[in-house]
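entry_37.pdb, holding PDB, C-alpha atoms:
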```
ATOM      1  CA  MET A  16     -37.691 -11.200   7.393
ATOM      2  CA  SER A  17     -35.287 -13.067   9.700
ATOM      3  CA  LEU A  18     -32.410 -11.422  11.521
ATOM      4  CA  ARG A  19     -28.931 -12.637  10.571
ATOM      5  CA  THR A  20     -27.268 -14.430  13.485
ATOM      6  CA  GLU A  21     -23.970 -15.593  11.979
ATOM      7  CA  PRO A  22     -21.155 -13.114  11.259
ATOM      8  CA  TYR A  23     -20.577 -11.809   7.735
ATOM      9  CA  ARG A  24     -17.682 -13.699   6.111
ATOM     10  CA  ILE A  25     -14.947 -11.613   4.489
ATOM     11  CA  LEU A  26     -12.151 -12.711   2.145
ATOM     12  CA  VAL A  27      -9.064 -10.447   2.190
ATOM     13  CA  VAL A  28      -6.665 -10.447  -0.773
ATOM     14  CA  ASP A  29      -3.571  -8.251  -0.674
ATOM     15  CA  ASP A  30       0.076  -9.042  -1.422
ATOM     16  CA  SER A  31       0.990  -7.617   1.998
ATOM     17  CA  PRO A  32       0.480  -9.787   5.119
ATOM     18  CA  PHE A  33       0.569  -6.478   7.023
ATOM     19  CA  ILE A  34      -2.773  -5.582   5.411
ATOM     20  CA  HIS A  35      -4.245  -9.026   6.184
ATOM     21  CA  LYS A  36      -3.427  -8.385   9.832
ATOM     22  CA  ALA A  37      -4.603  -4.751   9.828
ATOM     23  CA  VAL A  38      -7.956  -5.644   8.248
ATOM     24  CA  GLN A  39      -8.413  -8.479  10.740
ATOM     25  CA  LYS A  40      -7.614  -6.154  13.659
ATOM     26  CA  ALA A  41     -10.199  -3.656  12.402
ATOM     27  CA  LEU A  42     -13.042  -5.989  11.469
ATOM     28  CA  VAL A  43     -12.987  -8.990  13.842
ATOM     29  CA  PRO A  44     -13.680  -6.878  16.975
ATOM     30  CA  ALA A  45     -16.591  -5.340  15.043
ATOM     31  CA  GLY A  46     -18.145  -8.798  14.650
ATOM     32  CA  TYR A  47     -16.980  -9.821  11.180
ATOM     33  CA  GLU A  48     -15.258 -13.115  10.299
ATOM     34  CA  ILE A  49     -12.180 -13.274   8.064
ATOM     35  CA  CYS A  50     -12.885 -16.524   6.209
ATOM     36  CA  GLY A  51      -9.713 -16.513   4.103
ATOM     37  CA  THR A  52      -6.770 -14.547   2.753
ATOM     38  CA  GLY A  53      -4.867 -14.454  -0.537
ATOM     39  CA  ARG A  54      -1.867 -12.620  -1.970
ATOM     40  CA  ASN A  55      -2.739 -12.038  -5.648
ATOM     41  CA  GLY A  56      -5.678 -11.782  -8.024
ATOM     42  CA  LYS A  57      -5.425 -15.370  -9.180
ATOM     43  CA  GLU A  58      -5.755 -16.574  -5.589
ATOM     44  CA  ALA A  59      -8.737 -14.222  -5.183
ATOM     45  CA  VAL A  60     -10.567 -15.795  -8.120
ATOM     46  CA  ALA A  61      -9.926 -19.335  -6.828
ATOM     47  CA  ALA A  62     -10.746 -18.529  -3.191
ATOM     48  CA  TYR A  63     -13.921 -16.635  -4.098
ATOM     49  CA  GLY A  64     -15.323 -19.700  -5.868
ATOM     50  CA  ASP A  65     -14.402 -21.969  -2.959
ATOM     51  CA  LEU A  66     -15.499 -19.749  -0.064
ATOM     52  CA  LYS A  67     -18.379 -17.658  -1.497
ATOM     53  CA  PRO A  68     -17.718 -14.857   1.026
ATOM     54  CA  ASP A  69     -20.206 -12.092   1.775
ATOM     55  CA  LEU A  70     -17.525  -9.548   0.896
ATOM     56  CA  LEU A  71     -14.176  -9.581  -0.885
ATOM     57  CA  ILE A  72     -11.721  -6.848   0.144
ATOM     58  CA  MET A  73      -8.907  -6.696  -2.406
ATOM     59  CA  ASP A  74      -5.846  -4.644  -3.310
ATOM     60  CA  ILE A  75      -5.218  -3.475  -6.905
ATOM     61  CA  THR A  76      -1.434  -3.626  -7.399
ATOM     62  CA  MET A  77      -0.477  -7.265  -6.856
ATOM     63  CA  PRO A  78       1.833  -9.732  -8.604
ATOM     64  CA  ILE A  79       0.536 -12.423 -11.020
ATOM     65  CA  MET A  80      -2.922 -10.832 -11.408
ATOM     66  CA  ASP A  81      -4.031  -7.343 -10.357
ATOM     67  CA  GLY A  82      -7.199  -6.651  -8.400
ATOM     68  CA  ILE A  83      -9.175  -5.033 -11.227
ATOM     69  CA  THR A  84      -8.621  -8.027 -13.542
ATOM     70  CA  ALA A  85      -9.572 -10.386 -10.714
ATOM     71  CA  ALA A  86     -12.729  -8.371  -9.924
ATOM     72  CA  ARG A  87     -13.723  -8.529 -13.603
ATOM     73  CA  GLU A  88     -13.294 -12.327 -13.672
ATOM     74  CA  ILE A  89     -15.200 -12.819 -10.414
ATOM     75  CA  THR A  90     -18.163 -10.615 -11.381
ATOM     76  CA  ILE A  91     -18.549 -12.400 -14.727
ATOM     77  CA  GLU A  92     -19.040 -15.692 -12.889
ATOM     78  CA  PHE A  93     -20.702 -14.259  -9.769
ATOM     79  CA  PRO A  94     -22.591 -11.066 -10.759
ATOM     80  CA  GLU A  95     -23.906 -10.707  -7.197
ATOM     81  CA  ALA A  96     -20.349 -10.565  -5.734
ATOM     82  CA  VAL A  97     -19.742  -7.713  -3.302
ATOM     83  CA  ILE A  98     -16.183  -6.474  -3.847
ATOM     84  CA  MET A  99     -14.371  -3.583  -2.199
ATOM     85  CA  LEU A 100     -11.060  -2.461  -3.648
ATOM     86  CA  LEU A 101      -8.703  -1.191  -0.966
ATOM     87  CA  SER A 102      -5.709   0.463  -2.546
ATOM     88  CA  ALA A 103      -3.124   3.184  -2.129
ATOM     89  CA  MET A 104      -3.786   4.099  -5.794
ATOM     90  CA  GLY A 105      -7.000   6.030  -6.395
ATOM     91  CA  ASP A 106      -6.721   8.294  -9.439
ATOM     92  CA  GLU A 107      -9.687   8.975 -11.716
ATOM     93  CA  GLU A 108      -8.615   6.442 -14.361
ATOM     94  CA  ILE A 109      -8.223   3.617 -11.852
ATOM     95  CA  ARG A 110     -11.541   4.442 -10.192
ATOM     96  CA  GLY A 111     -13.197   4.336 -13.634
ATOM     97  CA  GLN A 112     -11.647   0.936 -14.400
ATOM     98  CA  ALA A 113     -12.734  -0.323 -10.991
ATOM     99  CA  GLN A 114     -16.314   0.762 -11.568
ATOM    100  CA  GLU A 115     -16.382  -0.939 -14.988
ATOM    101  CA  SER A 116     -15.046  -4.153 -13.425
ATOM    102  CA  GLY A 117     -18.127  -4.384 -11.218
ATOM    103  CA  VAL A 118     -16.717  -3.527  -7.790
ATOM    104  CA  LYS A 119     -19.206  -2.036  -5.334
ATOM    105  CA  SER A 120     -16.840   0.154  -3.327
ATOM    106  CA  PHE A 121     -13.432   1.771  -3.487
ATOM    107  CA  ALA A 122     -11.488   2.690  -0.340
ATOM    108  CA  THR A 123      -8.009   4.131  -0.072
ATOM    109  CA  LYS A 124      -5.075   3.291   2.184
ATOM    110  CA  PRO A 125      -4.097   4.288   4.765
ATOM    111  CA  PHE A 126      -7.267   3.657   6.766
ATOM    112  CA  THR A 127      -8.192   3.803  10.423
ATOM    113  CA  ASN A 128     -10.059   0.870  11.964
ATOM    114  CA  GLN A 129     -13.166   3.032  12.259
ATOM    115  CA  GLU A 130     -13.025   4.150   8.607
ATOM    116  CA  LEU A 131     -12.805   0.544   7.408
ATOM    117  CA  VAL A 132     -15.650  -0.630   9.636
ATOM    118  CA  VAL A 133     -17.872   2.184   8.332
ATOM    119  CA  GLU A 134     -17.085   1.276   4.688
ATOM    120  CA  VAL A 135     -17.845  -2.403   5.314
ATOM    121  CA  GLN A 136     -21.084  -1.572   7.140
ATOM    122  CA  LYS A 137     -22.219   0.541   4.177
ATOM    123  CA  LEU A 138     -21.847  -2.507   1.935
ATOM    124  CA  LEU A 139     -23.092  -5.324   4.142
ATOM    125  CA  CYS A 140     -25.703  -3.691   6.356
ATOM    126  CA  PRO A 141     -26.543  -0.379   4.695
ATOM    127  CA  ARG A 142     -29.440   0.406   7.056
ATOM    128  CA  SER A 143     -27.502  -0.077  10.296
TER     129      SER A 143
ATOM    130  CA  MET B   1      10.442  17.422 -12.798
ATOM    131  CA  SER B   2      12.506  15.213 -10.502
ATOM    132  CA  SER B   3      12.421  17.809  -7.731
ATOM    133  CA  GLU B   4       8.681  18.345  -8.177
ATOM    134  CA  TYR B   5       8.045  14.605  -7.962
ATOM    135  CA  LEU B   6      10.352  14.268  -4.942
ATOM    136  CA  SER B   7       8.317  16.952  -3.199
ATOM    137  CA  GLN B   8       5.095  15.023  -3.871
ATOM    138  CA  PHE B   9       6.510  11.708  -2.634
ATOM    139  CA  SER B  10       8.013  13.308   0.479
ATOM    140  CA  THR B  11       4.844  15.203   1.350
ATOM    141  CA  SER B  12       2.820  12.008   0.935
ATOM    142  CA  CYS B  13       5.256  10.122   3.168
ATOM    143  CA  VAL B  14       4.925  12.762   5.905
ATOM    144  CA  GLU B  15       1.103  12.672   5.668
ATOM    145  CA  VAL B  16       0.934   8.850   5.714
ATOM    146  CA  MET B  17       3.296   8.553   8.686
ATOM    147  CA  GLY B  18       1.168  11.127  10.499
ATOM    148  CA  LYS B  19      -2.047   9.203   9.868
ATOM    149  CA  MET B  20      -0.686   5.684  10.458
ATOM    150  CA  MET B  21       1.641   6.366  13.387
ATOM    151  CA  GLY B  22       0.735   9.799  14.696
ATOM    152  CA  LEU B  23       4.240  11.076  13.936
ATOM    153  CA  ALA B  24       4.924  14.747  13.280
ATOM    154  CA  CYS B  25       7.554  14.480  10.533
ATOM    155  CA  GLU B  26       9.387  17.072   8.506
ATOM    156  CA  TRP B  27      11.169  16.599   5.211
ATOM    157  CA  GLN B  28      13.954  18.347   3.343
ATOM    158  CA  GLU B  29      15.756  17.694   0.096
ATOM    159  CA  VAL B  30      19.365  16.639   0.680
ATOM    160  CA  VAL B  31      22.347  15.998  -1.549
ATOM    161  CA  PRO B  32      21.717  12.643  -3.223
ATOM    162  CA  ARG B  33      24.217   9.940  -2.319
ATOM    163  CA  LEU B  34      23.952   6.383  -3.552
ATOM    164  CA  PRO B  35      25.083   3.676  -2.679
ATOM    165  CA  THR B  36      23.104   3.868   0.521
ATOM    166  CA  ILE B  37      23.644   6.589   3.115
ATOM    167  CA  THR B  38      22.860   4.857   6.400
ATOM    168  CA  GLU B  39      25.491   2.989   8.406
ATOM    169  CA  GLY B  40      25.340  -0.631   9.553
ATOM    170  CA  MET B  41      22.373  -2.889   8.848
ATOM    171  CA  THR B  42      20.207  -1.115   6.294
ATOM    172  CA  VAL B  43      16.651  -1.719   5.079
ATOM    173  CA  VAL B  44      15.784  -0.571   1.544
ATOM    174  CA  THR B  45      12.372  -0.863  -0.119
ATOM    175  CA  LEU B  46      12.136  -0.467  -3.876
ATOM    176  CA  ILE B  47       9.084   0.248  -6.043
ATOM    177  CA  GLY B  48       9.146   0.662  -9.826
ATOM    178  CA  LEU B  49       7.505   3.643 -11.497
ATOM    179  CA  THR B  50       6.049   3.119 -14.994
ATOM    180  CA  GLY B  51       3.869   5.097 -17.390
ATOM    181  CA  SER B  52       4.935   8.326 -19.100
ATOM    182  CA  THR B  53       7.798   8.582 -16.593
ATOM    183  CA  ARG B  54       9.880   5.563 -15.643
ATOM    184  CA  GLY B  55      11.998   5.182 -12.549
ATOM    185  CA  ARG B  56      12.250   3.807  -9.031
ATOM    186  CA  ILE B  57      11.261   4.985  -5.587
ATOM    187  CA  MET B  58      13.493   3.751  -2.772
ATOM    188  CA  MET B  59      13.043   4.176   0.957
ATOM    189  CA  GLU B  60      16.126   3.611   3.082
ATOM    190  CA  MET B  61      16.622   3.434   6.854
ATOM    191  CA  GLU B  62      18.597   1.741   9.609
ATOM    192  CA  LEU B  63      17.246  -1.591  10.853
ATOM    193  CA  ARG B  64      16.625   0.021  14.261
ATOM    194  CA  VAL B  65      14.366   2.606  12.618
ATOM    195  CA  ALA B  66      12.590  -0.062  10.571
ATOM    196  CA  GLN B  67      11.791  -1.960  13.750
ATOM    197  CA  GLU B  68      10.616   1.238  15.492
ATOM    198  CA  LEU B  69       8.256   2.144  12.625
ATOM    199  CA  ALA B  70       6.910  -1.394  12.245
ATOM    200  CA  GLU B  71       6.139  -1.577  15.974
ATOM    201  CA  MET B  72       4.196   1.688  15.725
ATOM    202  CA  MET B  73       2.326   0.474  12.631
ATOM    203  CA  ASN B  74       1.377  -2.815  14.303
ATOM    204  CA  GLY B  75       0.810  -1.508  17.827
ATOM    205  CA  GLU B  76       2.965  -4.279  19.315
ATOM    206  CA  SER B  77       6.596  -5.242  19.987
ATOM    207  CA  LEU B  78       8.430  -7.009  17.164
ATOM    208  CA  LYS B  79      11.875  -8.590  16.966
ATOM    209  CA  ALA B  80      14.339  -6.820  14.676
ATOM    210  CA  MET B  81      14.256  -9.523  11.993
ATOM    211  CA  ASP B  82      10.573 -10.448  12.384
ATOM    212  CA  PRO B  83       9.098 -10.818   8.860
ATOM    213  CA  MET B  84       6.290  -8.458   9.917
ATOM    214  CA  VAL B  85       8.874  -5.650  10.190
ATOM    215  CA  PHE B  86       9.614  -6.036   6.492
ATOM    216  CA  TYR B  87       5.967  -6.574   5.445
ATOM    217  CA  SER B  88       5.083  -3.374   7.306
ATOM    218  CA  LEU B  89       7.838  -1.320   5.713
ATOM    219  CA  THR B  90       7.042  -2.478   2.175
ATOM    220  CA  GLU B  91       3.407  -1.544   2.785
ATOM    221  CA  LEU B  92       4.400   1.869   4.137
ATOM    222  CA  SER B  93       6.394   2.579   0.970
ATOM    223  CA  ASN B  94       3.539   1.240  -1.166
ATOM    224  CA  ILE B  95       0.985   3.467   0.554
ATOM    225  CA  PHE B  96       2.883   6.749   0.384
ATOM    226  CA  SER B  97       3.994   6.047  -3.198
ATOM    227  CA  GLY B  98       0.419   5.230  -4.201
ATOM    228  CA  LYS B  99      -0.846   8.415  -2.583
ATOM    229  CA  ALA B 100       1.791  10.492  -4.376
ATOM    230  CA  VAL B 101       1.139   8.876  -7.761
ATOM    231  CA  THR B 102      -2.625   9.362  -7.345
ATOM    232  CA  GLN B 103      -2.119  13.085  -6.780
ATOM    233  CA  LEU B 104       0.307  13.373  -9.710
ATOM    234  CA  ASN B 105      -2.085  11.456 -11.996
ATOM    235  CA  ASN B 106      -4.991  13.744 -11.093
ATOM    236  CA  ARG B 107      -3.087  16.807 -12.335
ATOM    237  CA  PRO B 108      -4.221  18.263 -15.710
ATOM    238  CA  GLU B 109      -1.264  16.725 -17.584
ATOM    239  CA  LYS B 110      -2.363  13.220 -16.409
ATOM    240  CA  PRO B 111       0.997  11.413 -16.583
ATOM    241  CA  GLY B 112      -0.622   7.978 -16.191
ATOM    242  CA  LEU B 113       1.924   6.744 -13.640
ATOM    243  CA  ARG B 114       1.702   3.214 -12.282
ATOM    244  CA  LEU B 115       3.615   1.342  -9.564
ATOM    245  CA  THR B 116       5.071  -2.158  -9.447
ATOM    246  CA  PRO B 117       4.661  -4.309  -6.323
ATOM    247  CA  PRO B 118       7.352  -3.409  -3.746
ATOM    248  CA  ASN B 119      10.561  -5.312  -3.009
ATOM    249  CA  ILE B 120      12.696  -5.107   0.112
ATOM    250  CA  PHE B 121      16.428  -5.598   0.696
ATOM    251  CA  VAL B 122      18.157  -5.961   4.054
ATOM    252  CA  GLY B 123      21.905  -6.043   4.651
ATOM    253  CA  GLU B 124      25.124  -4.144   5.223
ATOM    254  CA  LYS B 125      26.837  -1.991   2.621
ATOM    255  CA  ILE B 126      24.023  -2.385   0.092
ATOM    256  CA  GLN B 127      25.164  -1.038  -3.277
ATOM    257  CA  ILE B 128      22.474   0.554  -5.430
ATOM    258  CA  PHE B 129      23.492   2.131  -8.727
ATOM    259  CA  THR B 130      21.260   4.218 -10.930
ATOM    260  CA  GLU B 131      22.640   4.340 -14.439
ATOM    261  CA  LYS B 132      20.855   6.655 -16.904
ATOM    262  CA  ALA B 133      18.732   8.090 -14.128
ATOM    263  CA  ALA B 134      18.475  11.434 -12.367
ATOM    264  CA  LEU B 135      18.616  10.913  -8.620
ATOM    265  CA  SER B 136      17.112  13.129  -5.957
ATOM    266  CA  THR B 137      16.931  12.422  -2.232
ATOM    267  CA  ALA B 138      14.826  13.647   0.675
ATOM    268  CA  GLN B 139      15.346  13.110   4.372
ATOM    269  CA  ILE B 140      12.227  12.523   6.480
ATOM    270  CA  ARG B 141      12.913  13.331  10.121
ATOM    271  CA  TRP B 142      10.931  12.846  13.355
ATOM    272  CA  ASN B 143      12.075  12.961  16.986
ATOM    273  CA  ASN B 144      15.637  11.551  16.818
ATOM    274  CA  SER B 145      15.055   9.258  13.849
ATOM    275  CA  PHE B 146      15.132   9.644  10.084
ATOM    276  CA  LEU B 147      14.768   7.814   6.809
ATOM    277  CA  TYR B 148      15.612   8.687   3.223
ATOM    278  CA  ILE B 149      13.520   8.632   0.059
ATOM    279  CA  HIS B 150      15.535   8.287  -3.152
ATOM    280  CA  LEU B 151      13.743   9.043  -6.400
ATOM    281  CA  CYS B 152      15.419   7.843  -9.616
ATOM    282  CA  ILE B 153      13.851   9.162 -12.822
ATOM    283  CA  GLU B 154      15.152   7.623 -16.071
ATOM    284  CA  ARG B 155      16.551  10.114 -18.528
ATOM    285  CA  GLY B 156      15.209  10.257 -22.082
TER     286      GLY B 156
END
```
Using structure tokens, write down the structure from this file.
Amino acid sequence: MSLRTEPYRILVVDDSPFIHKAVQKALVPAGYEICGTGRNGKEAVAAYGDLKPDLLIMDITMPIMDGITAAREITIEFPEAVIMLLSAMGDEEIRGQAQESGVKSFATKPFTNQELVVEVQKLLCPRS
Amino acid sequence: MSSEYLSQFSTSCVEVMGKMMGLACEWQEVVPRLPTITEGMTVVTLIGLTGSTRGRIMMEMELRVAQELAEMMNGESLKAMDPMVFYSLTELSNIFSGKAVTQLNNRPEKPGLRLTPPNIFVGEKIQIFTEKAALSTAQIRWNNSFLYIHLCIERG
């Protein structure tokens, strides 16, 4: 088994540029690379196919296409996709829909840098 | 119901501002007054509420306060009209509204509330009218600053 030398590549999709910046501030110092950003679910679907990131972090409530619909479309084409939904909404119904759409993790806003790093580590390097 | 919902949104706002900015805020219900309450250049965010209850959640503050909050959220200085000020404020309103709706939806009556993506308005003498809606307002206060949350619930 070889050790990974290049950083994990993360695609961030949220309609708020504030969240793009906050996620970058939390994850880049921890050694992750933000390989792209998007502002709605449709952009997530297109960017996922182009970039093939190690992880997609995505909001739920977005214009044009919401995050759960986008996650469903991505996991149909890429069943191995690792998707984390990062949303202010987290009721039981939404969590159920998220699970059915194939996402691997669900985190709620607001988050501290440390909380986000821990969630990402659980997904990308679960034994670290 | 309007007062109960206002309490949930205000409590969520206080909790979110505490976690994101380390602010010790207090809230109280005040006499609702729309068009906007604040003087001078005003920032208003607006989020739609859908599901079994329909309405709007508005957050209103002076531009000076918007800049102050955005700088705390970003951990850096920002100019008053920097787009990041407005991105930050819309996200703040999205986060506390989402937290409030999550807690309301997890109650036994499960109202199935959903939010629309936020909008933001900036200007002087902004006029916001709420026909066919019950309005309630809370003031969130910290140090020498404050903002208002207006909750408009459609009647019938």
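Proximity to Ala134 in chain B was assessed for B:Thr53, B:Thr45, B:Ser2, B:Thr116 counting all atoms listed in the file; the smallest distance is recorded for B:Ser2.
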Counting all atoms listed in the file, what is within 9 Å of Ile25 in chain A, bar same-chain residues fewer than 5 positions away, as a ChimeraX atom specification? /A:47-52,68-72
Just the number, please: distance in Å from CA of Ser93 in chain B to CA of Val14 in chain B, one decimal. 11.4 Å
Would you kindly report the residues of chain B within 10 Å of chain A, using all atoms listed in the file, as a ChimeraX atom specification? /B:15-17,19-20,70,73-74,83-92,94-107,110,112-118
CA of Leu49 in chain B to CA of Gly82 in chain A, distance in Å rounded to a single decimal: 18.2 Å
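One finds CA of Lys119 in chain A at 6.0 Å from CA of Met99 in chain A.
Under the PyMOL selection byres ((chain A and resi 59) around 9), the matching residues in the shown file are Leu26, Val27, Val28, Thr52, Gly53, Arg54, Asn55, Gly56, Lys57, Glu58, Val60, Ala61, Ala62, Tyr63, Gly64, Leu71, Met73, Gly82, Ala85, Ala86 and Ile89 of chain A.
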Please tell me which residues are no farther than 12 Å from (-21.8, -9.3, -11.2) in the file, counting only C-alpha atoms, and write them as a compact mmCIF listing (two decimals) with C-alpha atoms, in the coordinates of the input.
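Full text of result-v9.txt as output:
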```
# COMPACT_ATOMS: atom_id res chain seq x y z
CA ALA A 86 -12.73 -8.37 -9.92
CA ARG A 87 -13.72 -8.53 -13.60
CA GLU A 88 -13.29 -12.33 -13.67
CA ILE A 89 -15.20 -12.82 -10.41
CA THR A 90 -18.16 -10.62 -11.38
CA ILE A 91 -18.55 -12.40 -14.73
CA GLU A 92 -19.04 -15.69 -12.89
CA PHE A 93 -20.70 -14.26 -9.77
CA PRO A 94 -22.59 -11.07 -10.76
CA GLU A 95 -23.91 -10.71 -7.20
CA ALA A 96 -20.35 -10.56 -5.73
CA VAL A 97 -19.74 -7.71 -3.30
CA ILE A 98 -16.18 -6.47 -3.85
CA GLN A 114 -16.31 0.76 -11.57
CA GLU A 115 -16.38 -0.94 -14.99
CA SER A 116 -15.05 -4.15 -13.42
CA GLY A 117 -18.13 -4.38 -11.22
CA VAL A 118 -16.72 -3.53 -7.79
CA LYS A 119 -19.21 -2.04 -5.33
```
Could you give me, as a VMD selection string, the residues that have an atom at most 12 Å away from the point (-19.6, 0.0, 2.4) in the coordinates of the file, using all atoms listed in the file? chain A and resid 70 to 72 97 to 101 118 to 122 130 to 143
Could you list the residues chosen by the PyMOL selection byres ((chain B and resi 144) around 12) in this structure as a ChimeraX atom specification? /B:23-26,64-65,68,140-143,145-147
Written file, previous selection with C-alpha atoms, as a compact mmCIF listing (two decimals), in the frame of the given file:
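Printed below is part-v4.txt as written:
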```txt
# COMPACT_ATOMS: atom_id res chain seq x y z
CA LEU B 23 4.24 11.08 13.94
CA ALA B 24 4.92 14.75 13.28
CA CYS B 25 7.55 14.48 10.53
CA GLU B 26 9.39 17.07 8.51
CA ARG B 64 16.62 0.02 14.26
CA VAL B 65 14.37 2.61 12.62
CA GLU B 68 10.62 1.24 15.49
CA ILE B 140 12.23 12.52 6.48
CA ARG B 141 12.91 13.33 10.12
CA TRP B 142 10.93 12.85 13.36
CA ASN B 143 12.08 12.96 16.99
CA SER B 145 15.06 9.26 13.85
CA PHE B 146 15.13 9.64 10.08
CA LEU B 147 14.77 7.81 6.81
```
If you count only C-alpha atoms, which residues fall within 10 Å of Ser7 in chain B, apart from same-chain ones fewer than 5 positions away, as a PyMOL selection string? chain B and resi 1-2+12-13+27-29+100+136-138
